[in-house]
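Written out below as structure tokens is the structure these notes cover.
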Amino acid sequence: MSKNNYKQSLAIFSGKDFDVYQKFCKSTAVYPKIGKSFVYPLIGLQGEVGEVSEKIKKMFRDDKGKLTDEKKVEIVKELGDVVWYISQLATEFEVRFSDVIKINFEKLSSRKQRDKLHGSGDNR
């Protein structure tokens, strides 16, 4: 990825859309110790990832691996719940959601540019 393309791509993360979403999520959060505890949203995230997995598992069991429109809608709804919990974790750690997205984008862009998408380890 050229430096110009990288800067243009990164510009999509300069907006406040993710932070607006994060503030909205916080306004809908009802759980103990908001602002003081990351445990509740962490457990919630694990549960929602499990629900995504269950829907996909049942797609193979019940629909022979065919992704029906109905199943796709169900999975998308669960993915939305996953994103909500990730946003809440960022809130609990006092990190802007846009920073989470930006840092991940930069990490993946660097790996792609250096042909290091394969392999293991956080700092490859």
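Each chain in the structure tokens gets a letter, A, B, ..., in the order shown, and its residues are numbered from 1; ligands are numbered from 1 in order too.
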
field: Residue neighbourhood region 91-105 of chain A, 8 Å, only C-alpha atoms, exclusion window fewer than 2 positions, as a list of chain:residue names
entry: A:Leu10, A:Phe13, A:Ser14, A:Lys16, A:Asp17, A:Phe18, A:Asp19, A:Gln22, A:Lys26, A:Ile34, A:Gly35, A:Lys36, A:Ser37, A:Phe38, A:Ser87, A:Gln88, A:Leu89, A:Lys107, A:Leu108, A:Ser109

File of the preceding selection, C-alpha atoms, as a short mmCIF file (atom, residue, chain, number, x, y, z; two decimals), in the first residue's frame:
```cif
data_model
loop_
_atom_site.label_atom_id
_atom_site.label_comp_id
_atom_site.auth_asym_id
_atom_site.auth_seq_id
_atom_site.Cartn_x
_atom_site.Cartn_y
_atom_site.Cartn_z
CA LEU A 10 -6.84 6.08 7.19
CA PHE A 13 -11.15 6.64 10.61
CA SER A 14 -10.64 10.34 11.27
CA LYS A 16 -16.27 10.60 14.83
CA ASP A 17 -18.78 7.95 13.72
CA PHE A 18 -17.25 5.26 15.93
CA ASP A 19 -17.14 7.62 18.90
CA GLN A 22 -19.71 4.42 21.46
CA LYS A 26 -22.97 3.78 26.73
CA ILE A 34 -20.63 1.23 34.60
CA GLY A 35 -17.36 3.09 34.23
CA LYS A 36 -15.67 0.95 36.88
CA SER A 37 -15.91 -2.64 35.70
CA PHE A 38 -14.85 -4.34 32.47
CA SER A 87 -17.56 -0.69 22.34
CA GLN A 88 -18.46 -1.04 26.01
CA LEU A 89 -15.11 -2.64 26.80
CA LYS A 107 -1.47 -2.80 12.56
CA LEU A 108 -3.11 -4.72 9.73
CA SER A 109 -1.97 -2.21 7.10
#
```

- request: Using backbone DSSP assignments, extract all helix (DSSP H, G or I) residues from chain A; output them as a ChimeraX atom specification.
  value: /A:3-13,17-28,39-63,69-92,97-113

query: Could you state the separation of CA of Glu78 (chain A) and CA of Val39 (chain A) in Å, given to one decimal place?
result: 19.8 Å

Residues of region 64-116 of chain A that have any atom at most 12 Å from an atom of region 41-58 of chain A: could you tabulate them with the shortest-distance atom pair and the distance in Å to one decimal, using only C-alpha atoms, ordered by chain and increasing number, as CSV?
```
residue,atom,partner,partner_atom,distance
A:Lys64,CA,A:Lys58,CA,8.9
A:Gly65,CA,A:Ile56,CA,8.2
A:Lys66,CA,A:Ile56,CA,9.8
A:Leu67,CA,A:Ile56,CA,8.5
A:Thr68,CA,A:Ile56,CA,10.9
A:Glu70,CA,A:Lys55,CA,11.0
A:Lys71,CA,A:Lys55,CA,7.4
A:Lys72,CA,A:Lys55,CA,9.2
A:Val73,CA,A:Lys55,CA,10.6
A:Glu74,CA,A:Lys55,CA,7.6
A:Ile75,CA,A:Val52,CA,5.9
A:Val76,CA,A:Val52,CA,8.6
A:Lys77,CA,A:Val52,CA,9.0
A:Glu78,CA,A:Val52,CA,5.9
A:Leu79,CA,A:Val52,CA,6.9
A:Gly80,CA,A:Glu48,CA,9.3
A:Asp81,CA,A:Glu48,CA,6.4
A:Val82,CA,A:Glu48,CA,5.7
A:Val83,CA,A:Leu45,CA,8.4
A:Trp84,CA,A:Leu45,CA,8.4
A:Tyr85,CA,A:Leu45,CA,5.3
A:Ile86,CA,A:Leu45,CA,6.9
A:Ser87,CA,A:Pro41,CA,9.1
A:Gln88,CA,A:Pro41,CA,6.3
A:Leu89,CA,A:Pro41,CA,6.0
A:Ala90,CA,A:Pro41,CA,9.7
A:Thr91,CA,A:Pro41,CA,9.9
A:Glu92,CA,A:Pro41,CA,8.6
A:Phe93,CA,A:Pro41,CA,11.1
```

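Take CA of Arg124 (chain A) and CA of Arg111 (chain A): the distance between them is 7.2 Å.
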
task: Please measure the separation of CA of Lys33 (chain A) and CA of Val20 (chain A), giving the value in Å to one decimal.
output: 21.7 Å
